[in-house]
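Asker: Below is the file input-v8.pdb, with PDB, C-alpha atoms.
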ATOM      1  CA  MET O   1     286.790 -74.250  43.633
ATOM      2  CA  THR O   2     283.329 -75.787  43.714
ATOM      3  CA  ASP O   3     282.427 -79.438  43.801
ATOM      4  CA  PRO O   4     280.780 -80.408  40.566
ATOM      5  CA  LEU O   5     277.082 -81.072  40.927
ATOM      6  CA  ASP O   6     275.775 -84.543  40.206
ATOM      7  CA  GLU O   7     272.257 -85.549  39.278
ATOM      8  CA  VAL O   8     270.960 -85.632  42.857
ATOM      9  CA  ASP O   9     272.337 -82.153  43.607
ATOM     10  CA  ARG O  10     270.723 -80.878  40.426
ATOM     11  CA  GLU O  11     267.369 -82.351  41.350
ATOM     12  CA  ILE O  12     267.541 -80.769  44.793
ATOM     13  CA  LEU O  13     268.420 -77.350  43.395
ATOM     14  CA  ASP O  14     265.798 -77.640  40.641
ATOM     15  CA  ARG O  15     263.132 -78.348  43.201
ATOM     16  CA  ILE O  16     264.239 -75.460  45.404
ATOM     17  CA  GLY O  17     264.382 -73.085  42.426
ATOM     18  CA  ARG O  18     260.904 -74.007  41.322
ATOM     19  CA  TYR O  19     259.456 -72.361  44.395
ATOM     20  CA  ASP O  20     259.102 -68.599  44.293
ATOM     21  CA  PRO O  21     261.058 -67.737  41.153
ATOM     22  CA  PRO O  22     260.855 -64.095  40.017
ATOM     23  CA  PRO O  23     257.534 -63.368  38.272
ATOM     24  CA  PRO O  24     257.881 -64.170  34.558
ATOM     25  CA  ASP O  25     257.173 -60.558  33.640
ATOM     26  CA  LEU O  26     259.596 -58.965  36.125
ATOM     27  CA  ASP O  27     262.315 -58.200  33.542
ATOM     28  CA  GLU O  28     259.715 -56.812  31.173
ATOM     29  CA  ARG O  29     258.233 -54.583  33.858
ATOM     30  CA  VAL O  30     261.646 -53.278  34.863
ATOM     31  CA  LEU O  31     262.669 -52.585  31.268
ATOM     32  CA  PHE O  32     259.376 -50.888  30.528
ATOM     33  CA  ALA O  33     259.795 -48.618  33.540
ATOM     34  CA  LEU O  34     263.385 -47.840  32.565
ATOM     35  CA  ALA O  35     262.685 -47.217  28.883
ATOM     36  CA  LEU O  36     261.889 -43.543  29.112
ATOM     37  CA  THR O  37     263.205 -42.724  32.527
ATOM     38  CA  GLY O  38     265.896 -40.096  32.437
ATOM     39  CA  LEU O  39     268.659 -39.018  34.742
ATOM     40  CA  ASP O  40     266.761 -35.985  35.939
ATOM     41  CA  ASP O  41     263.502 -37.736  36.675
ATOM     42  CA  GLU O  42     262.231 -38.082  40.159
ATOM     43  CA  VAL O  43     261.115 -41.591  41.085
ATOM     44  CA  ALA O  44     257.773 -41.927  42.847
ATOM     45  CA  ARG O  45     257.573 -44.842  45.239
ATOM     46  CA  LEU O  46     254.564 -47.000  45.784
ATOM     47  CA  ALA O  47     253.307 -45.862  49.163
ATOM     48  CA  GLU O  48     250.063 -47.687  49.616
ATOM     49  CA  THR O  49     247.610 -49.914  47.827
ATOM     50  CA  VAL O  50     244.129 -50.175  49.179
ATOM     51  CA  ALA O  51     242.840 -53.640  48.439
ATOM     52  CA  PRO O  52     240.016 -54.094  45.966
ATOM     53  CA  ALA O  53     236.779 -52.921  47.474
ATOM     54  CA  ALA O  54     233.407 -53.584  45.989
ATOM     55  CA  ARG O  55     231.862 -50.196  45.340
ATOM     56  CA  ALA O  56     228.279 -50.573  44.194
ATOM     57  CA  GLY O  57     229.176 -53.701  42.280
ATOM     58  CA  GLU O  58     232.347 -52.218  40.820
ATOM     59  CA  GLN O  59     235.901 -53.268  41.530
ATOM     60  CA  ALA O  60     238.196 -50.411  42.484
ATOM     61  CA  ARG O  61     241.634 -50.105  44.025
ATOM     62  CA  THR O  62     243.532 -47.051  45.073
ATOM     63  CA  ILE O  63     247.283 -46.705  44.701
ATOM     64  CA  THR O  64     249.409 -43.928  46.142
ATOM     65  CA  PHE O  65     252.864 -43.015  44.869
ATOM     66  CA  ASP O  66     255.153 -40.681  46.793
ATOM     67  CA  ALA O  67     257.902 -38.576  45.266
ATOM     68  CA  SER O  68     259.713 -35.854  47.179
ATOM     69  CA  SER O  69     258.058 -33.090  45.155
ATOM     70  CA  ARG O  70     254.610 -34.592  44.746
ATOM     71  CA  THR O  71     252.177 -37.352  45.681
ATOM     72  CA  VAL O  72     250.182 -39.125  42.982
ATOM     73  CA  MET O  73     247.075 -41.008  43.957
ATOM     74  CA  ILE O  74     245.055 -43.048  41.486
ATOM     75  CA  THR O  75     241.886 -45.037  41.785
ATOM     76  CA  ILE O  76     241.561 -47.766  39.190
ATOM     77  CA  LEU O  77     238.001 -48.661  38.397
ATOM     78  CA  GLU O  78     237.049 -51.736  36.371
ATOM     79  CA  ARG O  79     234.526 -50.905  33.688
ATOM     80  CA  PRO O  80     231.919 -53.463  32.610
ATOM     81  CA  ASP O  81     233.465 -53.526  29.114
ATOM     82  CA  GLY O  82     236.832 -54.806  30.341
ATOM     83  CA  LEU O  83     238.620 -51.453  30.181
ATOM     84  CA  VAL O  84     239.574 -49.389  33.211
ATOM     85  CA  ARG O  85     239.050 -45.848  34.312
ATOM     86  CA  LEU O  86     241.769 -43.999  36.218
ATOM     87  CA  ASP O  87     240.801 -41.190  38.562
ATOM     88  CA  GLY O  88     243.923 -39.389  39.634
ATOM     89  CA  TRP O  89     244.889 -36.674  42.020
ATOM     90  CA  LEU O  90     248.162 -34.795  42.312
ATOM     91  CA  ALA O  91     249.185 -33.199  45.585
ATOM     92  CA  PRO O  92     250.124 -30.420  45.762
ATOM     93  CA  GLY O  93     247.495 -29.774  43.108
ATOM     94  CA  ALA O  94     248.604 -28.162  39.872
ATOM     95  CA  ALA O  95     247.397 -28.120  36.263
ATOM     96  CA  LEU O  96     250.182 -30.350  34.960
ATOM     97  CA  THR O  97     250.341 -32.693  32.000
ATOM     98  CA  VAL O  98     249.916 -36.308  33.042
ATOM     99  CA  GLU O  99     251.118 -38.930  30.610
ATOM    100  CA  LEU O 100     250.077 -42.567  30.673
ATOM    101  CA  ARG O 101     252.653 -44.749  28.949
ATOM    102  CA  ARG O 102     251.944 -48.260  27.742
ATOM    103  CA  PRO O 103     254.275 -50.725  26.012
ATOM    104  CA  ALA O 104     254.882 -50.054  22.300
ATOM    105  CA  PRO O 105     253.196 -49.801  19.895
ATOM    106  CA  ALA O 106     250.450 -48.275  22.049
ATOM    107  CA  PRO O 107     250.812 -44.491  21.863
ATOM    108  CA  PRO O 108     251.065 -42.602  25.156
ATOM    109  CA  ARG O 109     247.954 -40.779  26.343
ATOM    110  CA  THR O 110     248.116 -37.383  27.901
ATOM    111  CA  VAL O 111     245.662 -35.402  29.913
ATOM    112  CA  THR O 112     245.938 -32.154  31.804
ATOM    113  CA  ALA O 113     245.062 -32.085  35.473
ATOM    114  CA  ASP O 114     242.783 -29.306  36.712
ATOM    115  CA  ASP O 115     243.993 -26.639  39.148
ATOM    116  CA  THR O 116     243.288 -28.884  42.109
ATOM    117  CA  GLY O 117     245.385 -31.651  40.560
ATOM    118  CA  ARG O 118     242.549 -33.935  39.517
ATOM    119  CA  PHE O 119     242.672 -35.859  36.258
ATOM    120  CA  VAL O 120     240.798 -38.699  34.561
ATOM    121  CA  LEU O 121     242.048 -41.262  32.050
ATOM    122  CA  ASP O 122     239.137 -43.344  30.862
ATOM    123  CA  GLY O 123     238.858 -46.378  28.610
ATOM    124  CA  VAL O 124     242.368 -47.631  29.317
ATOM    125  CA  PRO O 125     243.124 -51.282  28.451
ATOM    126  CA  HIS O 126     244.507 -53.662  31.068
ATOM    127  CA  GLY O 127     248.230 -54.305  31.097
ATOM    128  CA  LEU O 128     251.466 -52.561  31.981
ATOM    129  CA  ALA O 129     251.367 -48.808  32.383
ATOM    130  CA  GLN O 130     253.482 -46.029  33.811
ATOM    131  CA  LEU O 131     252.537 -42.506  34.785
ATOM    132  CA  VAL O 132     254.744 -39.546  34.018
ATOM    133  CA  ILE O 133     253.920 -36.177  35.588
ATOM    134  CA  HIS O 134     255.416 -33.287  33.659
ATOM    135  CA  GLY O 135     256.139 -30.619  36.247
ATOM    136  CA  THR O 136     259.248 -28.513  36.849
ATOM    137  CA  THR O 137     260.777 -31.864  37.679
ATOM    138  CA  ARG O 138     259.432 -34.863  35.813
ATOM    139  CA  VAL O 139     258.019 -37.476  38.185
ATOM    140  CA  VAL O 140     257.844 -41.101  37.009
ATOM    141  CA  THR O 141     256.089 -43.988  38.730
ATOM    142  CA  PRO O 142     257.256 -47.599  38.610
ATOM    143  CA  SER O 143     255.333 -49.597  36.038
ATOM    144  CA  LEU O 144     252.028 -50.818  37.333
ATOM    145  CA  LEU O 145     249.760 -53.567  36.200
ATOM    146  CA  LEU O 146     246.330 -52.207  35.398
TER
ATOM    147  CA  MET N   1     275.756 -65.753  34.724
ATOM    148  CA  TRP N   2     278.032 -62.771  34.340
ATOM    149  CA  SER N   3     281.113 -61.920  36.322
ATOM    150  CA  ASP N   4     281.254 -58.622  38.159
ATOM    151  CA  ALA N   5     283.726 -57.242  35.624
ATOM    152  CA  GLN N   6     281.368 -58.111  32.775
ATOM    153  CA  LEU N   7     278.474 -56.510  34.610
ATOM    154  CA  GLY N   8     280.653 -53.423  34.999
ATOM    155  CA  THR N   9     281.212 -53.356  31.246
ATOM    156  CA  LEU N  10     277.481 -53.695  30.652
ATOM    157  CA  LEU N  11     276.836 -50.774  32.977
ATOM    158  CA  GLU N  12     279.380 -48.626  31.122
ATOM    159  CA  ARG N  13     277.664 -49.425  27.850
ATOM    160  CA  ALA N  14     274.257 -48.723  29.391
ATOM    161  CA  ARG N  15     275.628 -45.400  30.600
ATOM    162  CA  ASP N  16     276.494 -44.556  27.005
ATOM    163  CA  GLY N  17     272.889 -45.210  26.038
ATOM    164  CA  ASP N  18     273.166 -48.847  24.938
ATOM    165  CA  ARG N  19     269.688 -50.212  25.711
ATOM    166  CA  GLU N  20     270.645 -53.800  24.881
ATOM    167  CA  ALA N  21     273.368 -53.669  27.546
ATOM    168  CA  LEU N  22     270.814 -52.418  30.049
ATOM    169  CA  ARG N  23     268.530 -55.282  29.083
ATOM    170  CA  GLU N  24     271.313 -57.808  29.710
ATOM    171  CA  LEU N  25     272.057 -56.204  33.046
ATOM    172  CA  VAL N  26     268.414 -56.451  34.107
ATOM    173  CA  ARG N  27     268.164 -60.093  33.032
ATOM    174  CA  ALA N  28     271.347 -60.978  34.897
ATOM    175  CA  LEU N  29     270.535 -59.271  38.176
ATOM    176  CA  ASP N  30     266.755 -59.514  38.560
ATOM    177  CA  PRO N  31     266.768 -63.047  40.044
ATOM    178  CA  VAL N  32     269.208 -61.958  42.757
ATOM    179  CA  LEU N  33     267.353 -58.723  43.527
ATOM    180  CA  TRP N  34     264.099 -60.661  43.649
ATOM    181  CA  ARG N  35     265.458 -62.980  46.342
ATOM    182  CA  VAL N  36     266.857 -60.041  48.306
ATOM    183  CA  ALA N  37     263.433 -58.350  48.309
ATOM    184  CA  ARG N  38     261.554 -61.560  49.110
ATOM    185  CA  GLY N  39     264.121 -62.377  51.791
ATOM    186  CA  GLN N  40     263.089 -59.154  53.535
ATOM    187  CA  GLY N  41     259.599 -60.589  53.871
ATOM    188  CA  LEU N  42     257.802 -58.639  51.149
ATOM    189  CA  ALA N  43     254.735 -59.962  49.344
ATOM    190  CA  THR N  44     255.260 -60.717  45.654
ATOM    191  CA  GLU N  45     253.701 -57.505  44.337
ATOM    192  CA  ASP N  46     255.685 -55.359  46.772
ATOM    193  CA  ALA N  47     258.891 -57.236  45.983
ATOM    194  CA  ALA N  48     258.412 -56.720  42.239
ATOM    195  CA  ASP N  49     257.812 -53.056  42.856
ATOM    196  CA  VAL N  50     260.855 -52.605  45.079
ATOM    197  CA  VAL N  51     263.070 -54.269  42.448
ATOM    198  CA  GLN N  52     261.754 -51.802  39.867
ATOM    199  CA  THR N  53     262.275 -48.836  42.139
ATOM    200  CA  SER N  54     265.892 -49.853  42.684
ATOM    201  CA  TRP N  55     266.502 -49.946  38.929
ATOM    202  CA  LEU N  56     264.835 -46.555  38.489
ATOM    203  CA  GLU N  57     267.130 -45.172  41.177
ATOM    204  CA  LEU N  58     270.109 -46.718  39.406
ATOM    205  CA  ILE N  59     269.232 -44.874  36.193
ATOM    206  CA  ARG N  60     269.173 -41.614  38.091
ATOM    207  CA  ARG N  61     272.556 -42.331  39.642
ATOM    208  CA  LEU N  62     274.218 -43.861  36.575
ATOM    209  CA  HIS N  63     276.789 -41.129  36.360
ATOM    210  CA  ASP N  64     277.560 -41.064  40.076
ATOM    211  CA  ILE N  65     278.597 -44.695  40.255
ATOM    212  CA  ARG N  66     282.311 -44.263  39.873
ATOM    213  CA  THR N  67     283.316 -47.884  39.754
ATOM    214  CA  PRO N  68     280.990 -49.688  37.387
ATOM    215  CA  ARG N  69     281.981 -52.970  38.992
ATOM    216  CA  ALA N  70     280.175 -51.777  42.090
ATOM    217  CA  VAL N  71     276.833 -51.847  40.269
ATOM    218  CA  THR N  72     275.772 -55.158  41.792
ATOM    219  CA  ALA N  73     276.596 -54.108  45.305
ATOM    220  CA  TRP N  74     274.817 -50.809  44.748
ATOM    221  CA  LEU N  75     271.639 -52.440  43.455
ATOM    222  CA  ILE N  76     271.549 -55.034  46.209
ATOM    223  CA  THR N  77     272.055 -52.445  48.939
ATOM    224  CA  THR N  78     269.359 -50.242  47.409
ATOM    225  CA  THR N  79     266.926 -53.147  47.094
ATOM    226  CA  ARG N  80     267.503 -54.178  50.675
ATOM    227  CA  ARG N  81     267.011 -50.621  51.933
ATOM    228  CA  GLU N  82     263.872 -50.055  49.838
ATOM    229  CA  ALA N  83     262.464 -53.388  50.993
ATOM    230  CA  TRP N  84     263.175 -52.552  54.605
ATOM    231  CA  HIS N  85     261.404 -49.185  54.290
ATOM    232  CA  ARG N  86     258.447 -50.819  52.571
ATOM    233  CA  ARG N  87     258.152 -53.311  55.388
ATOM    234  CA  GLN N  88     258.389 -50.645  58.065
ATOM    235  CA  ARG N  89     255.635 -48.698  56.357
ATOM    236  CA  ALA N  90     253.441 -51.793  56.090
ATOM    237  CA  ARG N  91     253.819 -52.325  59.843
ATOM    238  CA  ARG N  92     253.014 -48.730  60.646
ATOM    239  CA  ASP N  93     249.846 -48.927  58.563
ATOM    240  CA  LEU N  94     248.541 -51.947  60.423
ATOM    241  CA  PRO N  95     245.836 -51.170  62.954
ATOM    242  CA  ASP N  96     247.510 -53.193  65.719
ATOM    243  CA  GLY N  97     250.852 -51.461  65.282
ATOM    244  CA  GLY N  98     252.283 -54.377  63.400
ATOM    245  CA  THR N  99     252.421 -57.033  66.076
ATOM    246  CA  ALA N 100     251.025 -59.513  63.576
ATOM    247  CA  VAL N 101     253.935 -58.856  61.222
ATOM    248  CA  ARG N 102     256.507 -58.901  63.990
ATOM    249  CA  ALA N 103     255.223 -62.236  65.185
ATOM    250  CA  VAL N 104     256.313 -63.884  61.943
ATOM    251  CA  PRO N 105     259.621 -65.534  62.886
ATOM    252  CA  ASP N 106     260.921 -66.281  59.393
ATOM    253  CA  PRO N 107     260.820 -63.387  56.959
ATOM    254  CA  ASP N 108     261.059 -65.741  54.002
ATOM    255  CA  PRO N 109     258.988 -68.776  54.939
ATOM    256  CA  PRO N 110     259.202 -71.985  52.960
ATOM    257  CA  PRO N 111     256.235 -72.849  50.767
ATOM    258  CA  ASP N 112     253.158 -74.287  52.365
ATOM    259  CA  GLU N 113     253.559 -78.061  52.238
ATOM    260  CA  ARG N 114     249.826 -78.576  52.009
ATOM    261  CA  LEU N 115     249.840 -76.856  48.620
ATOM    262  CA  MET N 116     252.389 -79.255  47.176
ATOM    263  CA  ALA N 117     251.186 -82.011  44.948
ATOM    264  CA  ASP N 118     254.573 -83.651  44.700
ATOM    265  CA  GLU N 119     255.549 -85.866  47.638
ATOM    266  CA  ARG N 120     259.272 -85.368  47.024
ATOM    267  CA  ASP N 121     258.792 -81.591  47.187
ATOM    268  CA  ARG N 122     257.051 -81.965  50.522
ATOM    269  CA  VAL N 123     259.907 -84.083  51.862
ATOM    270  CA  LEU N 124     262.489 -81.641  50.545
ATOM    271  CA  TRP N 125     260.976 -78.541  52.115
ATOM    272  CA  ARG N 126     260.465 -80.346  55.409
ATOM    273  CA  HIS N 127     264.199 -80.993  55.635
ATOM    274  CA  PHE N 128     265.059 -77.611  54.133
ATOM    275  CA  GLU N 129     263.461 -75.924  57.136
ATOM    276  CA  HIS N 130     266.023 -77.491  59.463
ATOM    277  CA  LEU N 131     268.935 -75.833  57.683
ATOM    278  CA  SER N 132     270.456 -72.650  59.079
ATOM    279  CA  GLN N 133     269.138 -69.330  57.765
ATOM    280  CA  ARG N 134     272.417 -68.813  55.933
ATOM    281  CA  CYS N 135     272.143 -72.173  54.200
ATOM    282  CA  ARG N 136     268.537 -71.524  53.235
ATOM    283  CA  ASP N 137     269.337 -68.082  51.806
ATOM    284  CA  LEU N 138     272.309 -69.364  49.895
ATOM    285  CA  LEU N 139     270.676 -72.465  48.429
ATOM    286  CA  ARG N 140     267.616 -70.539  47.359
ATOM    287  CA  ILE N 141     269.657 -68.028  45.453
ATOM    288  CA  VAL N 142     271.998 -70.611  43.954
ATOM    289  CA  ALA N 143     268.941 -72.550  42.800
ATOM    290  CA  GLN N 144     267.625 -69.469  41.042
ATOM    291  CA  VAL N 145     270.567 -68.722  38.763
ATOM    292  CA  ASP N 146     272.662 -70.837  36.442
ATOM    293  CA  ARG N 147     276.370 -70.810  37.218
ATOM    294  CA  PRO N 148     275.921 -68.103  39.825
ATOM    295  CA  ASP N 149     278.538 -65.452  40.254
ATOM    296  CA  TYR N 150     279.848 -65.763  43.783
ATOM    297  CA  THR N 151     280.851 -62.139  44.034
ATOM    298  CA  VAL N 152     277.240 -61.137  43.497
ATOM    299  CA  ILE N 153     275.958 -63.614  46.042
ATOM    300  CA  ALA N 154     278.595 -62.640  48.579
ATOM    301  CA  GLU N 155     277.379 -59.037  48.219
ATOM    302  CA  ALA N 156     273.772 -60.064  48.551
ATOM    303  CA  PHE N 157     274.244 -61.854  51.822
ATOM    304  CA  GLY N 158     277.165 -60.021  53.340
ATOM    305  CA  MET N 159     279.368 -63.096  53.281
ATOM    306  CA  PRO N 160     283.084 -63.180  52.513
ATOM    307  CA  HIS N 161     283.581 -63.944  48.837
ATOM    308  CA  GLY N 162     285.821 -66.969  49.413
ATOM    309  CA  SER N 163     283.352 -68.657  51.720
ATOM    310  CA  ILE N 164     280.484 -68.918  49.249
ATOM    311  CA  GLY N 165     281.686 -71.993  47.348
ATOM    312  CA  PRO N 166     282.515 -74.065  50.450
ATOM    313  CA  THR N 167     279.355 -72.916  52.264
ATOM    314  CA  ARG N 168     277.201 -73.867  49.317
ATOM    315  CA  SER N 169     278.813 -77.312  49.141
ATOM    316  CA  ARG N 170     278.375 -77.845  52.861
ATOM    317  CA  CYS N 171     274.716 -76.739  52.869
ATOM    318  CA  LEU N 172     273.848 -78.838  49.859
ATOM    319  CA  ALA N 173     275.639 -81.884  51.312
ATOM    320  CA  LYS N 174     273.755 -81.470  54.580
ATOM    321  CA  LEU N 175     270.375 -81.297  52.865
ATOM    322  CA  ARG N 176     271.262 -84.192  50.604
ATOM    323  CA  ALA N 177     272.306 -86.367  53.534
ATOM    324  CA  ALA N 178     269.023 -85.657  55.315
ATOM    325  CA  LEU N 179     267.060 -86.463  52.176
ATOM    326  CA  THR N 180     268.825 -89.681  51.302
ATOM    327  CA  ALA N 181     268.309 -90.860  54.880
ATOM    328  CA  ASP N 182     264.570 -90.249  54.539
ATOM    329  CA  PRO N 183     262.741 -93.249  53.087
ATOM    330  CA  ALA N 184     260.045 -90.934  51.747
ATOM    331  CA  TRP N 185     262.652 -89.338  49.461
ATOM    332  CA  SER N 186     264.736 -92.378  48.561
ATOM    333  CA  THR N 187     261.834 -94.643  47.672
ATOM    334  CA  PRO N 188     260.468 -93.562  44.324
TER
END
Please lay out the structure from this file as structure tokens.

Answerer:
Amino acid sequence: MTDPLDEVDREILDRIGRYDPPPPDLDERVLFALALTGLDDEVARLAETVAPAARAGEQARTITFDASSRTVMITILERPDGLVRLDGWLAPGAALTVELRRPAPAPPRTVTADDTGRFVLDGVPHGLAQLVIHGTTRVVTPSLLL
Amino acid sequence: MWSDAQLGTLLERARDGDREALRELVRALDPVLWRVARGQGLATEDAADVVQTSWLELIRRLHDIRTPRAVTAWLITTTRREAWHRRQRARRDLPDGGTAVRAVPDPDPPPDERLMADERDRVLWRHFEHLSQRCRDLLRIVAQVDRPDYTVIAEAFGMPHGSIGPTRSRCLAKLRAALTADPAWSTP
């Protein structure tokens, strides 16, 4: 049904395929995000990323995730020691448990937001992470690279 | 690469909680979903995110997908829709109402020749640009997967299943003819 490929065809396809392949960690990121996601979870979509802005010598970026029940906004701040600090805000605000998942064997970290929906996760290492908001409906974000 | 029936079996196993089956499914379909998202003109980080979102949506709908064989079509449609929404939103957020984005004629531009160290790559992409959009889409996806499953690719690009093989051969032959006629390619 298909002509067999000879050496020249292979070279052409190899060269085409070399440009813009999926990122090497795409499968890993997908699997990480899927690992704990359940049927009843609501998926928050990346709505906006505000490009790194120098803030008094610090690197920060703000990411917004939208789910139908809630919006999650986080500002990721680079600390001088190579860790990051996450300042988060849930809207509508509610004192919910916010869980930060990282790939095994790192244990998940949890924090409780205040009544206005603000929460802080400090001293977080770089790498893959996912936020899970434990409300009436659980809201999960796609995995993000801190 | 897997056939659609095999992918269906993997989905059924994933539905029963088999994580290894889910892993196989992700490995098999990510390259195709990646091209679909990139083909909609998304930047790499946005494309990676849209692919993830589509998988997360799949998990939520696992039990609604009545014909497991339809999993590929479902994921591709979802990825395309998510990518389209992401692009619309990016336009809306631009201060000039998105005219800069709209002015880009090719949503999936070839690599910048100036960044290529290899002369043969430069020659190849120069000729690649003269192919039809359909040829470019098809060759780029075929180049990304070993022994590609034509059903999956037909879904991805809305082409009739039977036309994929012949179209691929024709596109590749066309590019090859242009290259072999170019002294810059033929002379090592």

Asker: Can you tell me which residues surround Ala44 of chain O at a distance of at most 9 Å, considering all atoms listed in the file, apart from same-chain residues fewer than 4 positions away, and format the answer as a list in words?

Answerer: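 Listed by chain and then number, they are Phe65, Asp66, Ala67, Ser68, Arg70, Thr71, Val72, Val139, Val140, Thr141 and Pro142 of chain O; Thr53 of chain N.
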
Asker: Go through N:Asp49, N:Arg19, N:Gln40, N:Gly8 and flag the residue nearest Asp25 of chain O, using only C-alpha atoms for the distances.

Answerer: N:Asp49

Asker: Just checking: using only C-alpha atoms, which residue out of O:Thr62, O:Glu78, O:Leu31, O:Asp115 ends up closest to Leu46 of chain O?

Answerer: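 Counting only C-alpha atoms, the residue closest to Leu46 of chain O is O:Thr62.
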
Asker: Counting only C-alpha atoms, which of N:Gly39, N:Pro31, N:Pro183, N:Pro160 gets nearest to chain O?

Answerer: N:Pro31

Asker: Take the PyMOL selection byres ((chain N and resi 33) around 10), apply it to the structure above, and return the hits as an MDAnalysis selection string.

Answerer: (chainID O and resid 22) or (chainID N and resid 26 28:32 34:39 47:48 50:52 54:55 72 75:80 141 156)

Asker: Work out how far apart atom CA of Asp114 of chain O and atom CA of Val84 of chain O are and give it in Å to one decimal.

Answerer: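 Taking atom CA of Asp114 of chain O and atom CA of Val84 of chain O, their separation equals 20.6 Å.
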
Asker: Measure the distance from atom CA of Glu82 of chain N to atom CA of Leu62 of chain N in Å and round it to one decimal.

Answerer: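 Separation between atom CA of Glu82 of chain N and atom CA of Leu62 of chain N: 17.9 Å.
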
Asker: Tell me which residues the PyMOL selection byres ((chain O and resi 40) around 12) grabs here, as a VMD selection string.

Answerer: (chain O and resid 36 to 39 41 to 43 134 to 140) or (chain N and resid 56 to 63)

Asker: Could you tell me which residues the PyMOL selection byres ((chain O) within 10 of (chain N)) returns for this structure, as an mmCIF file with C-alpha atoms, in the frame of the given file?

Answerer:
data_model
loop_
_atom_site.group_PDB
_atom_site.id
_atom_site.type_symbol
_atom_site.label_atom_id
_atom_site.label_comp_id
_atom_site.auth_asym_id
_atom_site.auth_seq_id
_atom_site.Cartn_x
_atom_site.Cartn_y
_atom_site.Cartn_z
ATOM 1 C CA MET O 1 286.790 -74.250 43.633
ATOM 2 C CA THR O 2 283.329 -75.787 43.714
ATOM 3 C CA ASP O 3 282.427 -79.438 43.801
ATOM 4 C CA PRO O 4 280.780 -80.408 40.566
ATOM 5 C CA LEU O 5 277.082 -81.072 40.927
ATOM 6 C CA VAL O 8 270.960 -85.632 42.857
ATOM 7 C CA ASP O 9 272.337 -82.153 43.607
ATOM 8 C CA ARG O 10 270.723 -80.878 40.426
ATOM 9 C CA ILE O 12 267.541 -80.769 44.793
ATOM 10 C CA LEU O 13 268.420 -77.350 43.395
ATOM 11 C CA ASP O 14 265.798 -77.640 40.641
ATOM 12 C CA ARG O 15 263.132 -78.348 43.201
ATOM 13 C CA ILE O 16 264.239 -75.460 45.404
ATOM 14 C CA GLY O 17 264.382 -73.085 42.426
ATOM 15 C CA ARG O 18 260.904 -74.007 41.322
ATOM 16 C CA TYR O 19 259.456 -72.361 44.395
ATOM 17 C CA ASP O 20 259.102 -68.599 44.293
ATOM 18 C CA PRO O 21 261.058 -67.737 41.153
ATOM 19 C CA PRO O 22 260.855 -64.095 40.017
ATOM 20 C CA PRO O 23 257.534 -63.368 38.272
ATOM 21 C CA ASP O 25 257.173 -60.558 33.640
ATOM 22 C CA LEU O 26 259.596 -58.965 36.125
ATOM 23 C CA ASP O 27 262.315 -58.200 33.542
ATOM 24 C CA GLU O 28 259.715 -56.812 31.173
ATOM 25 C CA ARG O 29 258.233 -54.583 33.858
ATOM 26 C CA VAL O 30 261.646 -53.278 34.863
ATOM 27 C CA LEU O 31 262.669 -52.585 31.268
ATOM 28 C CA PHE O 32 259.376 -50.888 30.528
ATOM 29 C CA ALA O 33 259.795 -48.618 33.540
ATOM 30 C CA LEU O 34 263.385 -47.840 32.565
ATOM 31 C CA ALA O 35 262.685 -47.217 28.883
ATOM 32 C CA THR O 37 263.205 -42.724 32.527
ATOM 33 C CA GLY O 38 265.896 -40.096 32.437
ATOM 34 C CA LEU O 39 268.659 -39.018 34.742
ATOM 35 C CA ASP O 40 266.761 -35.985 35.939
ATOM 36 C CA ASP O 41 263.502 -37.736 36.675
ATOM 37 C CA GLU O 42 262.231 -38.082 40.159
ATOM 38 C CA VAL O 43 261.115 -41.591 41.085
ATOM 39 C CA ALA O 44 257.773 -41.927 42.847
ATOM 40 C CA ARG O 45 257.573 -44.842 45.239
ATOM 41 C CA LEU O 46 254.564 -47.000 45.784
ATOM 42 C CA ALA O 47 253.307 -45.862 49.163
ATOM 43 C CA GLU O 48 250.063 -47.687 49.616
ATOM 44 C CA THR O 49 247.610 -49.914 47.827
ATOM 45 C CA VAL O 140 257.844 -41.101 37.009
ATOM 46 C CA THR O 141 256.089 -43.988 38.730
ATOM 47 C CA PRO O 142 257.256 -47.599 38.610
ATOM 48 C CA SER O 143 255.333 -49.597 36.038
ATOM 49 C CA LEU O 144 252.028 -50.818 37.333
ATOM 50 C CA LEU O 145 249.760 -53.567 36.200
#

Asker: Tell me, in Å to one decimal, how far atom CA of Arg79 of chain O is from atom CA of Ala91 of chain O.

Answerer: 25.9 Å

Asker: From the list N:Arg81, N:Arg91, N:Arg66, N:Lys174, which residue is nearest His127 of chain N when using only C-alpha atoms?

Answerer: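 Smallest distance to His127 of chain N is found for N:Lys174.
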
Asker: Tell me which of N:Asp4, N:Leu10, N:Arg87, N:Gly41 sits closest to Ala154 of chain N, counting only C-alpha atoms.

Answerer: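 Once distances to Ala154 of chain N are computed over only C-alpha atoms, the minimum belongs to N:Asp4.
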
Asker: Put a box with edges along x, y and z around all the listed atoms of segment 118-121 of chain O, pad it by 4 Å on each side, then give me its centre and sizes in Å, one decimal, as lines of an AutoDock Vina configuration file.

Answerer:
center_x = 241.7
center_y = -37.6
center_z = 35.8
size_x = 9.9
size_y = 15.3
size_z = 15.5

Asker: Measuring atom to atom with only C-alpha atoms, identify which of O:Glu99, O:Glu11, O:Asp6, O:Asp122 is nearest to Leu86 of chain O.

Answerer: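 Comparing O:Glu99, O:Glu11, O:Asp6, O:Asp122 against Leu86 of chain O, the winner is O:Asp122.
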